[in-house]
file data-v2.txt (compact mmCIF, C-alpha atoms)
# COMPACT_ATOMS: atom_id res chain seq x y z
CA MET A 2 14.74 41.19 -155.68
CA ALA A 3 16.30 39.30 -152.79
CA VAL A 4 16.98 40.70 -149.34
CA ARG A 5 20.66 40.03 -148.70
CA VAL A 6 23.15 40.10 -145.86
CA ASP A 7 26.94 39.67 -146.09
CA LEU A 8 29.01 39.56 -142.91
CA ASN A 9 32.47 38.55 -141.73
CA LEU A 10 32.49 36.17 -138.76
CA SER A 11 35.08 34.56 -136.54
CA LEU A 12 35.01 30.82 -135.77
CA ASP A 13 33.12 31.70 -132.62
CA GLY A 14 30.42 33.53 -134.57
CA ILE A 15 31.44 37.05 -133.60
CA ALA A 16 30.51 39.73 -136.12
CA MET A 17 31.59 42.74 -134.06
CA PRO A 18 34.64 42.55 -131.81
CA ALA A 19 34.63 43.88 -128.26
CA ASN A 20 36.66 46.81 -126.96
CA GLN A 21 35.35 49.52 -129.25
CA THR A 22 36.85 52.93 -128.62
CA ALA A 23 36.68 56.34 -130.28
CA GLU A 24 40.03 55.69 -132.00
CA ASN A 25 39.08 52.13 -132.83
CA PRO A 26 35.33 52.26 -133.47
CA MET A 27 35.14 48.68 -134.79
CA GLY A 28 37.13 47.14 -131.93
CA GLU A 29 40.78 46.18 -131.94
CA ASP A 30 40.25 42.76 -133.54
CA TRP A 31 38.35 44.14 -136.53
CA GLY A 32 41.44 44.06 -138.72
CA ARG A 33 41.91 40.33 -138.15
CA LEU A 34 38.23 39.67 -138.83
CA VAL A 35 38.15 41.35 -142.24
CA ALA A 36 41.78 40.79 -143.33
CA ALA A 37 41.02 38.39 -146.17
CA TYR A 38 38.19 40.57 -147.48
CA VAL A 39 40.09 43.84 -147.28
CA GLY A 40 43.00 42.12 -149.04
CA THR A 41 40.98 41.40 -152.19
CA LYS A 42 41.52 43.33 -155.41
CA THR A 43 37.84 44.31 -155.47
CA MET A 44 37.74 45.73 -151.94
CA ARG A 45 41.03 47.56 -152.43
CA GLU A 46 39.72 49.23 -155.56
CA ARG A 47 36.15 49.95 -154.51
CA VAL A 48 36.47 50.78 -150.80
CA LEU A 49 40.09 51.77 -150.26
CA ARG A 50 40.37 53.55 -153.67
CA ASP A 51 43.63 51.68 -154.27
CA THR A 52 44.46 52.01 -157.98
CA THR A 53 47.66 49.92 -157.92
CA GLY A 54 45.82 46.80 -159.09
CA GLU A 55 47.11 44.86 -156.11
CA GLY A 56 45.05 42.46 -154.01
CA THR A 57 43.99 38.82 -154.13
CA THR A 58 41.93 37.52 -157.06
CA GLY A 59 40.70 34.13 -155.80
CA VAL A 60 37.55 32.93 -154.06
CA ASP A 61 37.48 35.79 -151.54
CA ASP A 62 37.62 38.30 -154.39
CA ARG A 63 34.76 36.60 -156.19
CA TYR A 64 32.59 37.06 -153.08
CA ALA A 65 33.82 40.63 -152.68
CA ALA A 66 32.74 41.41 -156.25
CA ALA A 67 29.36 39.74 -155.63
CA TYR A 68 29.00 41.94 -152.57
CA PHE A 69 28.53 44.96 -154.83
CA ASP A 70 26.62 43.18 -157.57
CA GLY A 71 22.93 43.76 -158.11
CA VAL A 72 22.18 45.81 -155.00
CA GLY A 73 19.77 48.72 -155.49
CA ALA A 74 19.22 49.95 -151.95
CA GLU A 75 20.54 49.31 -148.45
CA ILE A 76 19.35 49.50 -144.87
CA MET A 77 21.77 50.11 -142.00
CA GLY A 78 21.59 50.85 -138.29
CA ALA A 79 22.45 54.15 -136.66
CA ALA A 80 25.66 52.77 -135.14
CA MET A 81 26.99 51.57 -138.48
CA PHE A 82 26.46 55.02 -139.97
CA GLY A 83 28.30 56.51 -136.98
CA LEU A 84 25.48 58.21 -135.10
CA HIS A 85 26.44 56.53 -131.82
CA SER A 86 30.05 57.64 -132.17
CA PHE A 87 29.18 61.20 -133.17
CA PRO A 88 25.70 61.76 -131.72
CA ASP A 89 25.97 65.53 -131.44
CA ASP A 90 27.44 66.39 -134.82
CA PRO A 91 24.63 67.50 -137.17
CA ASP A 92 27.13 67.64 -140.05
CA TRP A 93 28.33 64.02 -139.75
CA ARG A 94 28.18 62.44 -143.22
CA GLY A 95 29.22 58.85 -142.39
CA TRP A 96 32.58 57.06 -142.28
CA TRP A 97 33.12 56.87 -146.03
CA GLY A 98 34.19 60.38 -147.11
CA GLU A 99 32.78 62.03 -150.23
CA GLU A 100 32.62 58.86 -152.34
CA PRO A 101 30.69 56.35 -150.20
CA PRO A 102 30.96 52.90 -151.84
CA PHE A 103 27.22 52.51 -152.34
CA GLY A 104 25.95 54.53 -155.30
CA TYR A 105 22.32 53.90 -154.30
CA PRO A 106 19.87 54.95 -151.56
CA VAL A 107 20.76 53.92 -148.02
CA LEU A 108 18.10 53.99 -145.31
CA VAL A 109 19.60 54.64 -141.87
CA LEU A 110 17.37 53.49 -138.99
CA THR A 111 17.49 56.05 -136.18
CA HIS A 112 15.21 57.88 -133.82
CA GLN A 113 17.15 61.08 -134.57
CA GLN A 114 15.68 63.46 -137.08
CA ARG A 115 18.36 64.22 -139.67
CA ARG A 116 18.33 65.71 -143.12
CA THR A 117 18.86 63.50 -146.18
CA ILE A 118 22.44 63.62 -147.54
CA ASP A 119 23.12 63.29 -151.27
CA PHE A 120 26.50 62.50 -152.83
CA ALA A 121 27.63 63.02 -156.41
CA ASN A 122 28.04 59.24 -156.99
CA GLY A 123 24.36 58.50 -156.40
CA THR A 124 24.65 57.55 -152.74
CA ARG A 125 21.81 59.03 -150.69
CA PHE A 126 21.51 58.62 -146.92
CA GLU A 127 17.94 58.93 -145.62
CA PHE A 128 17.18 58.76 -141.90
CA LEU A 129 14.00 57.22 -140.58
CA SER A 130 12.44 55.73 -137.48
CA VAL A 131 10.35 52.79 -138.66
CA SER A 132 10.06 49.03 -138.13
CA PRO A 133 12.26 46.58 -140.08
CA GLN A 134 9.28 45.61 -142.27
CA GLU A 135 8.45 49.23 -143.06
CA ALA A 136 12.06 50.04 -143.85
CA LEU A 137 12.22 46.99 -146.10
CA ASP A 138 9.06 47.95 -147.98
CA GLN A 139 10.52 51.37 -148.66
CA ALA A 140 13.93 49.98 -149.65
CA LEU A 141 12.36 47.50 -152.07
CA ARG A 142 10.55 50.38 -153.79
CA LEU A 143 13.79 52.38 -153.98
CA ALA A 144 15.74 49.37 -155.32
CA GLY A 145 13.51 49.23 -158.40
CA GLY A 146 13.70 45.47 -158.85
CA ALA A 147 17.31 45.05 -157.68
CA ASP A 148 18.36 43.47 -154.36
CA VAL A 149 18.18 45.14 -150.97
CA ARG A 150 21.13 44.75 -148.63
CA ILE A 151 20.83 44.80 -144.86
CA GLY A 152 24.26 46.31 -144.34
CA GLY A 153 24.70 46.15 -140.59
CA GLY A 154 25.62 46.47 -137.85
CA VAL A 155 25.09 43.13 -136.30
CA GLY A 156 22.15 44.29 -134.15
CA THR A 157 20.28 45.53 -137.19
CA VAL A 158 21.06 42.34 -139.11
CA ARG A 159 19.80 40.25 -136.19
CA ASP A 160 16.55 42.26 -136.12
CA PHE A 161 15.93 41.40 -139.79
CA LEU A 162 17.00 37.75 -139.39
CA THR A 163 14.74 37.15 -136.41
CA ALA A 164 11.87 38.86 -138.26
CA GLY A 165 12.35 36.33 -141.08
CA LEU A 166 12.99 39.08 -143.65
CA VAL A 167 16.32 37.86 -145.10
CA ASP A 168 16.40 35.72 -148.26
CA ARG A 169 20.14 35.20 -148.49
CA LEU A 170 22.72 35.33 -145.70
CA HIS A 171 26.36 34.98 -146.68
CA VAL A 172 28.91 34.74 -143.88
CA ALA A 173 32.65 34.69 -144.50
CA VAL A 174 34.01 32.71 -141.55
CA SER A 175 37.69 33.31 -140.82
CA PRO A 176 39.58 30.63 -138.87
CA ILE A 177 40.28 32.97 -135.96
CA VAL A 178 39.01 33.07 -132.39
CA LEU A 179 37.88 36.42 -130.97
CA GLY A 180 36.43 35.10 -127.70
CA GLN A 181 34.49 38.29 -126.98
CA GLY A 182 32.22 40.62 -128.90
CA THR A 183 28.75 40.47 -130.43
CA SER A 184 27.71 37.12 -131.86
CA LEU A 185 25.53 36.99 -134.93
CA TRP A 186 23.86 33.79 -133.79
CA ASP A 187 22.62 34.29 -130.21
CA ASP A 188 19.01 33.15 -129.97
CA LEU A 189 18.95 32.17 -133.66
CA ARG A 190 18.79 28.47 -132.84
CA SER A 191 17.92 26.37 -135.93
CA PHE A 192 17.99 29.45 -138.16
CA ASP A 193 19.64 27.27 -140.81
CA LEU A 194 16.66 24.91 -141.07
CA GLY A 195 14.70 27.36 -143.22
CA TYR A 196 17.47 27.66 -145.82
CA ALA A 197 19.54 25.71 -148.31
CA VAL A 198 23.14 25.91 -147.08
CA THR A 199 26.29 25.83 -149.22
CA SER A 200 29.94 26.26 -148.25
CA GLU A 201 33.08 27.19 -150.17
CA LEU A 202 36.63 27.58 -148.84
CA SER A 203 38.89 30.36 -150.03
CA GLU A 204 42.63 30.09 -150.55
CA ALA A 205 43.07 32.07 -147.32
CA GLY A 206 41.05 29.51 -145.36
CA VAL A 207 37.90 31.63 -145.14
CA ASN A 208 34.75 29.48 -145.23
CA HIS A 209 32.03 31.24 -147.25
CA VAL A 210 28.73 29.83 -145.99
CA THR A 211 25.56 30.89 -147.81
CA PHE A 212 22.02 30.38 -146.50
CA ALA A 213 19.52 30.90 -149.34
CA ARG A 214 15.79 30.35 -149.69
CA MET B 7 53.53 12.04 -129.05
CA ALA B 8 51.12 14.88 -129.61
CA VAL B 9 48.31 15.93 -127.30
CA ARG B 10 45.19 15.98 -129.44
CA VAL B 11 41.61 17.17 -129.32
CA ASP B 12 38.83 16.43 -131.83
CA LEU B 13 35.43 18.09 -131.42
CA ASN B 14 32.27 18.76 -133.37
CA LEU B 15 31.17 22.39 -133.37
CA SER B 16 28.26 24.39 -134.71
CA LEU B 17 28.77 27.60 -136.69
CA ASP B 18 28.31 29.47 -133.44
CA GLY B 19 31.10 27.53 -131.76
CA ILE B 20 28.93 25.37 -129.55
CA ALA B 21 30.43 21.99 -128.60
CA MET B 22 27.71 20.90 -126.19
CA PRO B 23 24.06 21.78 -126.85
CA ALA B 24 21.78 23.11 -124.13
CA ASN B 25 18.75 21.36 -122.68
CA GLN B 26 20.43 18.22 -121.41
CA THR B 27 18.07 15.82 -119.70
CA ALA B 28 18.32 12.32 -118.26
CA GLU B 29 16.75 10.88 -121.43
CA ASN B 30 18.83 13.15 -123.65
CA PRO B 31 22.13 13.52 -121.81
CA MET B 32 23.88 15.29 -124.73
CA GLY B 33 21.08 17.80 -125.33
CA GLU B 34 18.39 17.61 -127.97
CA ASP B 35 20.52 19.18 -130.73
CA TRP B 36 23.37 16.68 -130.34
CA GLY B 37 22.15 14.60 -133.26
CA ARG B 38 22.34 17.55 -135.64
CA LEU B 39 25.80 18.46 -134.37
CA VAL B 40 27.38 15.05 -135.00
CA ALA B 41 25.22 13.90 -137.95
CA ALA B 42 27.99 13.98 -140.55
CA TYR B 43 30.46 12.21 -138.24
CA VAL B 44 28.05 9.54 -137.09
CA GLY B 45 27.14 8.95 -140.74
CA THR B 46 30.67 7.93 -141.72
CA LYS B 47 31.57 4.31 -142.44
CA THR B 48 34.29 4.42 -139.79
CA MET B 49 32.07 5.70 -136.96
CA ARG B 50 29.28 3.31 -137.88
CA GLU B 51 31.69 0.38 -137.70
CA ARG B 52 33.74 1.40 -134.70
CA VAL B 53 31.23 3.10 -132.42
CA LEU B 54 27.81 1.88 -133.53
CA ARG B 55 29.08 -1.68 -134.30
CA ASP B 56 27.26 -1.48 -137.62
CA THR B 57 28.56 -4.31 -139.81
CA THR B 58 26.48 -3.51 -142.91
CA GLY B 59 29.36 -1.61 -144.51
CA GLU B 60 27.14 1.44 -144.93
CA GLY B 61 28.19 5.01 -144.25
CA THR B 62 29.98 7.82 -146.08
CA THR B 63 33.55 7.36 -147.29
CA GLY B 64 34.65 10.90 -148.14
CA VAL B 65 36.46 13.65 -146.25
CA ASP B 66 34.42 13.22 -143.05
CA ASP B 67 35.30 9.53 -143.00
CA ARG B 68 38.99 10.29 -143.43
CA TYR B 69 38.87 12.47 -140.31
CA ALA B 70 36.80 9.85 -138.48
CA ALA B 71 39.47 7.23 -139.22
CA ALA B 72 42.21 9.64 -138.08
CA TYR B 73 40.27 10.12 -134.87
CA PHE B 74 41.17 6.58 -133.85
CA ASP B 75 44.65 6.54 -135.35
CA GLY B 76 47.75 6.64 -133.20
CA VAL B 77 46.12 7.35 -129.84
CA GLY B 78 47.61 5.48 -126.86
CA ALA B 79 45.75 7.01 -123.93
CA GLU B 80 42.92 9.43 -123.26
CA ILE B 81 41.82 11.90 -120.61
CA MET B 82 38.17 12.75 -120.07
CA GLY B 83 36.07 14.64 -117.57
CA ALA B 84 33.68 13.10 -115.07
CA ALA B 85 30.60 14.35 -116.95
CA MET B 86 31.69 12.74 -120.21
CA PHE B 87 32.12 9.40 -118.47
CA GLY B 88 28.65 9.83 -116.98
CA LEU B 89 29.41 10.48 -113.32
CA HIS B 90 27.23 13.60 -113.24
CA SER B 91 24.29 11.73 -114.74
CA PHE B 92 24.69 8.69 -112.47
CA PRO B 93 26.50 10.03 -109.40
CA ASP B 94 25.22 7.44 -106.97
CA ASP B 95 25.75 4.28 -109.01
CA PRO B 96 29.00 2.62 -107.93
CA ASP B 97 28.60 0.06 -110.73
CA TRP B 98 28.35 2.60 -113.58
CA ARG B 99 30.79 1.53 -116.33
CA GLY B 100 30.38 4.41 -118.82
CA TRP B 101 28.05 5.00 -121.78
CA TRP B 102 29.75 2.57 -124.15
CA GLY B 103 28.67 -0.91 -123.04
CA GLU B 104 31.12 -3.79 -122.80
CA GLU B 105 33.19 -2.82 -125.85
CA PRO B 106 34.14 0.82 -125.29
CA PRO B 107 35.67 2.21 -128.54
CA PHE B 108 39.02 3.03 -126.94
CA GLY B 109 41.19 -0.05 -126.45
CA TYR B 110 43.67 1.91 -124.31
CA PRO B 111 43.84 3.49 -120.85
CA VAL B 112 41.39 6.33 -120.18
CA LEU B 113 41.98 8.65 -117.22
CA VAL B 114 38.71 10.06 -115.86
CA LEU B 115 39.16 13.26 -113.87
CA THR B 116 36.88 13.22 -110.82
CA HIS B 117 36.94 13.96 -107.13
CA GLN B 118 35.05 10.71 -106.54
CA GLN B 119 37.03 7.68 -105.49
CA ARG B 120 36.16 4.87 -107.85
CA ARG B 121 37.74 1.54 -108.66
CA THR B 122 39.57 1.03 -111.95
CA ILE B 123 37.47 -0.76 -114.60
CA ASP B 124 39.09 -3.11 -117.13
CA PHE B 125 37.45 -4.35 -120.33
CA ALA B 126 38.42 -7.32 -122.50
CA ASN B 127 39.32 -5.05 -125.46
CA GLY B 128 42.10 -3.27 -123.58
CA THR B 129 40.05 -0.29 -122.45
CA ARG B 130 40.82 0.65 -118.84
CA PHE B 131 39.07 3.45 -116.99
CA GLU B 132 41.10 4.92 -114.12
CA PHE B 133 39.65 7.63 -111.88
CA LEU B 134 41.81 10.34 -110.40
CA SER B 135 41.68 13.79 -108.89
CA VAL B 136 44.72 15.65 -110.23
CA SER B 137 45.58 18.79 -112.22
CA PRO B 138 45.49 18.79 -116.04
CA GLN B 139 49.29 18.78 -116.14
CA GLU B 140 49.54 15.83 -113.74
CA ALA B 141 46.93 13.88 -115.66
CA LEU B 142 48.78 14.59 -118.88
CA ASP B 143 52.12 13.43 -117.47
CA GLN B 144 50.50 10.18 -116.44
CA ALA B 145 48.67 9.73 -119.75
CA LEU B 146 51.87 10.33 -121.73
CA ARG B 147 53.58 7.57 -119.75
CA LEU B 148 50.64 5.23 -120.37
CA ALA B 149 50.55 6.08 -124.09
CA GLY B 150 54.09 4.74 -124.55
CA GLY B 151 55.07 7.10 -127.32
CA ALA B 152 51.65 7.32 -128.98
CA ASP B 153 49.36 10.36 -128.87
CA VAL B 154 47.20 11.38 -125.93
CA ARG B 155 43.65 12.50 -126.64
CA ILE B 156 41.78 14.96 -124.47
CA GLY B 157 38.39 13.40 -125.15
CA GLY B 158 36.01 15.87 -123.53
CA GLY B 159 33.67 17.16 -122.41
CA VAL B 160 34.02 20.71 -123.48
CA GLY B 161 34.88 21.96 -119.96
CA THR B 162 37.76 19.53 -119.69
CA VAL B 163 38.98 20.41 -123.18
CA ARG B 164 38.84 24.10 -122.32
CA ASP B 165 40.92 23.47 -119.18
CA PHE B 166 43.66 21.86 -121.29
CA LEU B 167 43.47 24.50 -124.03
CA THR B 168 43.74 27.41 -121.62
CA ALA B 169 46.65 25.65 -119.87
CA GLY B 170 48.44 25.53 -123.24
CA LEU B 171 48.69 21.74 -123.15
CA VAL B 172 47.16 20.90 -126.55
CA ASP B 173 49.36 20.37 -129.61
CA ARG B 174 46.63 19.73 -132.16
CA LEU B 175 43.01 20.83 -132.07
CA HIS B 176 40.74 19.58 -134.84
CA VAL B 177 37.21 20.98 -134.97
CA ALA B 178 34.59 19.72 -137.41
CA VAL B 179 32.35 22.74 -137.92
CA SER B 180 28.87 21.91 -139.21
CA PRO B 181 26.91 24.67 -140.97
CA ILE B 182 24.18 24.68 -138.34
CA VAL B 183 23.18 27.22 -135.71
CA LEU B 184 22.48 25.99 -132.18
CA GLY B 185 22.12 29.39 -130.53
CA GLN B 186 22.51 28.04 -127.00
CA GLY B 187 24.84 25.63 -125.24
CA THR B 188 28.48 25.57 -124.18
CA SER B 189 30.90 27.32 -126.52
CA LEU B 190 34.39 25.94 -126.98
CA TRP B 191 35.83 29.39 -127.51
CA ASP B 192 34.71 31.64 -124.63
CA ASP B 193 37.72 33.49 -123.24
CA LEU B 194 40.04 31.80 -125.76
CA ARG B 195 40.60 35.07 -127.64
CA SER B 196 43.50 34.79 -130.12
CA PHE B 197 43.96 31.10 -129.32
CA ASP B 198 44.66 30.57 -133.03
CA LEU B 199 47.74 32.82 -133.03
CA GLY B 200 49.91 30.11 -131.47
CA TYR B 201 49.07 27.56 -134.16
CA ALA B 202 49.28 26.87 -137.88
CA VAL B 203 45.68 26.67 -139.13
CA THR B 204 44.39 24.59 -142.05
CA SER B 205 40.83 24.04 -143.30
CA GLU B 206 39.20 21.38 -145.44
CA LEU B 207 35.54 21.12 -146.48
CA SER B 208 33.75 17.79 -146.57
CA GLU B 209 31.13 16.77 -149.10
CA ALA B 210 28.50 17.32 -146.39
CA GLY B 211 29.63 20.93 -145.90
CA VAL B 212 31.50 20.27 -142.65
CA ASN B 213 34.57 22.51 -142.33
CA HIS B 214 37.44 20.59 -140.73
CA VAL B 215 39.71 23.21 -139.14
CA THR B 216 42.97 22.01 -137.63
CA PHE B 217 45.17 24.06 -135.30
CA ALA B 218 48.62 22.46 -135.04
CA ARG B 219 51.90 23.50 -133.51
call {"tool": "encode", "arguments": {"input": "data-v2.txt", "output": "structure tokens"}}
result
Amino acid sequence: MAVRVDLNLSLDGIAMPANQTAENPMGEDWGRLVAAYVGTKTMRERVLRDTTGEGTTGVDDRYAAAYFDGVGAEIMGAAMFGLHSFPDDPDWRGWWGEEPPFGYPVLVLTHQQRRTIDFANGTRFEFLSVSPQEALDQALRLAGGADVRIGGGVGTVRDFLTAGLVDRLHVAVSPIVLGQGTSLWDDLRSFDLGYAVTSELSEAGVNHVTFAR
Amino acid sequence: MAVRVDLNLSLDGIAMPANQTAENPMGEDWGRLVAAYVGTKTMRERVLRDTTGEGTTGVDDRYAAAYFDGVGAEIMGAAMFGLHSFPDDPDWRGWWGEEPPFGYPVLVLTHQQRRTIDFANGTRFEFLSVSPQEALDQALRLAGGADVRIGGGVGTVRDFLTAGLVDRLHVAVSPIVLGQGTSLWDDLRSFDLGYAVTSELSEAGVNHVTFAR
């Protein structure tokens, strides 16, 4: 019943590149940031619905598989769901099509009032305007003993980190420099001191750093 | 005859902590940033003059030894030499006492006119007001075929990186979060694309990332 976060970071700590546009909602450097993760067999199968069996099977894939393991509910911000990109579309159902790669309840934090959306695979998006602690209490009930993920975006993750609500933070640090964008770490000085920290390098040179308490 | 940089970084890319004071000229988090490096057998012997033979002998120590290997001249900024901390002391001879751990010529970039300082161990501090390229030309001549190090501080290193003058950048990334200070990477977006990048984890969890061309 841990509260978990998994994020991809650049060497300069950026979790969300700059220069986001309607055509490129994650910013033009997003592809570089997540390249090793998206290239894994697990992510290709579970997110991209790639049935060719291709993709890497090393350390990065082990973390990708763990990403999906043992999570029973998730919390995400309005921007990650897409409400900032499509604020006026009452029929917006998220970025993930009709098989969102969750399969569990997802609480979307927003001041908008929106109706709950249910998908055949068990994914349910519920929209609510509450504090991080209140959202977490509700997610823990929904998770039924499994873990709760704080999915993103980086602003939402930072809210939960600064509130001290995260038990395990895993960052996959790619050896790339983005130079601009939203840093995960601003104002989180000495965050690491409350956690046991371990590191593991992948074949692609991604440093998987895990902060656990 | 490579132009080299070696720096310690935090996970958020900070090379120089904030909150520098006269008593704590490197900022109060400096100790955390360089802990693994300072703990190596090589650094204890060569910088701290510790003759007990103590210190770590693993991956961090291998990089510490390489730090001193094959360098024939160095360039550093005025702040790193101490001219910003002691601007009005014409007798200031640097932070390192009477056995500075260089043993070769060091060019200090400053607009101040100061006399050259020679030490018995071959270290020579020369002070000059020139461009990065001019300083480098002079350092390469002084190095006589050996490498030139851009020693720091971070502003000086950034000047040489942005001018495209660095052949090999090695950063030792500790799994700590400083949250404030001077980042190495600001405005260096896609710096990595011009280099081959390798990574190696130390026993202490320091990720040694090397950009080489």
call {"tool": "residues_near_point", "arguments": {"input": "data-v2.txt", "point": "(17.4, 25.4, -135.2)", "cutoff": "9 Å", "atoms": "only C-alpha atoms", "output": "list in words"}}
result
Leu189, Arg190, Ser191, Phe192, Asp193, Leu194 and Gly195 of chain A; Asp35, Ile182, Val183, Leu184 and Gly185 of chain B
call {"tool": "interface_residues", "arguments": {"input": "data-v2.txt", "of": "chain B", "to": "chain A", "cutoff": "10 Å", "atoms": "all atoms listed in the file", "output": "mmCIF file with C-alpha atoms, in the frame of the given file"}}
result
data_model
loop_
_atom_site.group_PDB
_atom_site.id
_atom_site.type_symbol
_atom_site.label_atom_id
_atom_site.label_comp_id
_atom_site.auth_asym_id
_atom_site.auth_seq_id
_atom_site.Cartn_x
_atom_site.Cartn_y
_atom_site.Cartn_z
ATOM 1 C CA LEU B 15 31.170 22.390 -133.370
ATOM 2 C CA SER B 16 28.260 24.390 -134.710
ATOM 3 C CA LEU B 17 28.770 27.600 -136.690
ATOM 4 C CA ASP B 18 28.310 29.470 -133.440
ATOM 5 C CA GLY B 19 31.100 27.530 -131.760
ATOM 6 C CA ILE B 20 28.930 25.370 -129.550
ATOM 7 C CA ASP B 35 20.520 19.180 -130.730
ATOM 8 C CA ARG B 38 22.340 17.550 -135.640
ATOM 9 C CA VAL B 179 32.350 22.740 -137.920
ATOM 10 C CA PRO B 181 26.910 24.670 -140.970
ATOM 11 C CA ILE B 182 24.180 24.680 -138.340
ATOM 12 C CA VAL B 183 23.180 27.220 -135.710
ATOM 13 C CA LEU B 184 22.480 25.990 -132.180
ATOM 14 C CA GLY B 185 22.120 29.390 -130.530
ATOM 15 C CA GLN B 186 22.510 28.040 -127.000
ATOM 16 C CA SER B 189 30.900 27.320 -126.520
ATOM 17 C CA LEU B 190 34.390 25.940 -126.980
ATOM 18 C CA TRP B 191 35.830 29.390 -127.510
ATOM 19 C CA ASP B 192 34.710 31.640 -124.630
ATOM 20 C CA ASP B 193 37.720 33.490 -123.240
ATOM 21 C CA LEU B 194 40.040 31.800 -125.760
ATOM 22 C CA ARG B 195 40.600 35.070 -127.640
ATOM 23 C CA SER B 196 43.500 34.790 -130.120
ATOM 24 C CA PHE B 197 43.960 31.100 -129.320
ATOM 25 C CA ASP B 198 44.660 30.570 -133.030
ATOM 26 C CA LEU B 199 47.740 32.820 -133.030
ATOM 27 C CA VAL B 203 45.680 26.670 -139.130
ATOM 28 C CA THR B 204 44.390 24.590 -142.050
ATOM 29 C CA SER B 205 40.830 24.040 -143.300
ATOM 30 C CA GLU B 206 39.200 21.380 -145.440
ATOM 31 C CA LEU B 207 35.540 21.120 -146.480
ATOM 32 C CA SER B 208 33.750 17.790 -146.570
ATOM 33 C CA GLU B 209 31.130 16.770 -149.100
ATOM 34 C CA ALA B 210 28.500 17.320 -146.390
ATOM 35 C CA GLY B 211 29.630 20.930 -145.900
ATOM 36 C CA VAL B 212 31.500 20.270 -142.650
ATOM 37 C CA ASN B 213 34.570 22.510 -142.330
ATOM 38 C CA VAL B 215 39.710 23.210 -139.140
ATOM 39 C CA THR B 216 42.970 22.010 -137.630
ATOM 40 C CA PHE B 217 45.170 24.060 -135.300
#
call {"tool": "residues_around", "arguments": {"input": "data-v2.txt", "residues": "Leu115 (chain B)", "least_positions_apart": "4", "cutoff": "7 Å", "atoms": "only C-alpha atoms", "output": "number ranges by chain"}}
result
B: 82-84, 133-135
call {"tool": "write_last_selection", "arguments": {"input": "data-v2.txt", "atoms": "C-alpha atoms", "output": "CSV table (one decimal), in the coordinates of the input"}}
result
chain,number,residue,atom,x,y,z
B,82,MET,CA,38.2,12.8,-120.1
B,83,GLY,CA,36.1,14.6,-117.6
B,84,ALA,CA,33.7,13.1,-115.1
B,133,PHE,CA,39.6,7.6,-111.9
B,134,LEU,CA,41.8,10.3,-110.4
B,135,SER,CA,41.7,13.8,-108.9
call {"tool": "atom_distance", "arguments": {"input": "data-v2.txt", "atom1": "CA of Trp98 (chain B)", "atom2": "CA of Val9 (chain B)"}}
result
27.6 Å
call {"tool": "atom_distance", "arguments": {"input": "data-v2.txt", "atom1": "CA of Ala28 (chain B)", "atom2": "CA of Gly103 (chain B)"}}
result
17.5 Å
call {"tool": "atom_distance", "arguments": {"input": "data-v2.txt", "atom1": "CA of Pro23 (chain B)", "atom2": "CA of Glu140 (chain B)"}}
result
29.3 Å
call {"tool": "residues_around", "arguments": {"input": "data-v2.txt", "residues": "Thr53 (chain A)", "least_positions_apart": "4", "cutoff": "10 Å", "atoms": "only C-alpha atoms", "output": "JSON list (two decimals) with C-alpha atoms, keeping the file's coordinate frame"}}
result
[["chain", "number", "residue", "atom", "x", "y", "z"],
["A", 42, "LYS", "CA", 41.52, 43.33, -155.41],
["A", 45, "ARG", "CA", 41.03, 47.56, -152.43],
["A", 46, "GLU", "CA", 39.72, 49.23, -155.56]]
call {"tool": "residues_around", "arguments": {"input": "data-v2.txt", "residues": "Leu108 (chain A)", "least_positions_apart": "3", "cutoff": "6 Å", "atoms": "only C-alpha atoms", "output": "PDB file with C-alpha atoms, in the frame of the given file"}}
result
ATOM      1  CA  ILE A  76      19.350  49.500-144.870  1.00  0.00           C
ATOM      2  CA  PHE A 126      21.510  58.620-146.920  1.00  0.00           C
ATOM      3  CA  GLU A 127      17.940  58.930-145.620  1.00  0.00           C
ATOM      4  CA  PHE A 128      17.180  58.760-141.900  1.00  0.00           C
TER       5      PHE A 128
END
call {"tool": "residues_around", "arguments": {"input": "data-v2.txt", "residues": "region 140-151 of chain A", "least_positions_apart": "6", "cutoff": "10 Å", "atoms": "only C-alpha atoms", "output": "number ranges by chain"}}
result
A: 2-8, 68-78, 105-108, 133-134, 157-159, 161-162, 166-170
call {"tool": "axis_aligned_box", "arguments": {"input": "data-v2.txt", "around": "region 166-182 of chain B", "padding_each_side": "8 Å", "output": "lines of an AutoDock Vina configuration file"}}
result
center_x = 36.8
center_y = 23.5
center_z = -130.4
size_x = 41.2
size_y = 23.8
size_z = 37.1
call {"tool": "closest_residue", "arguments": {"input": "data-v2.txt", "among": "B:Gly61, B:Phe87, B:His117, B:Asp66", "to": "Ser180 (chain B)", "atoms": "all atoms listed in the file"}}
result
B:Asp66
call {"tool": "closest_residue", "arguments": {"input": "data-v2.txt", "among": "B:Asp143, B:Asp97, B:Gly37, B:Gly159", "to": "Val114 (chain B)", "atoms": "all atoms listed in the file"}}
result
B:Gly159
call {"tool": "closest_residue", "arguments": {"input": "data-v2.txt", "among": "A:Gly28, A:Ala36, A:Pro91, A:Arg115", "to": "Ala173 (chain A)", "atoms": "all atoms listed in the file"}}
result
A:Ala36
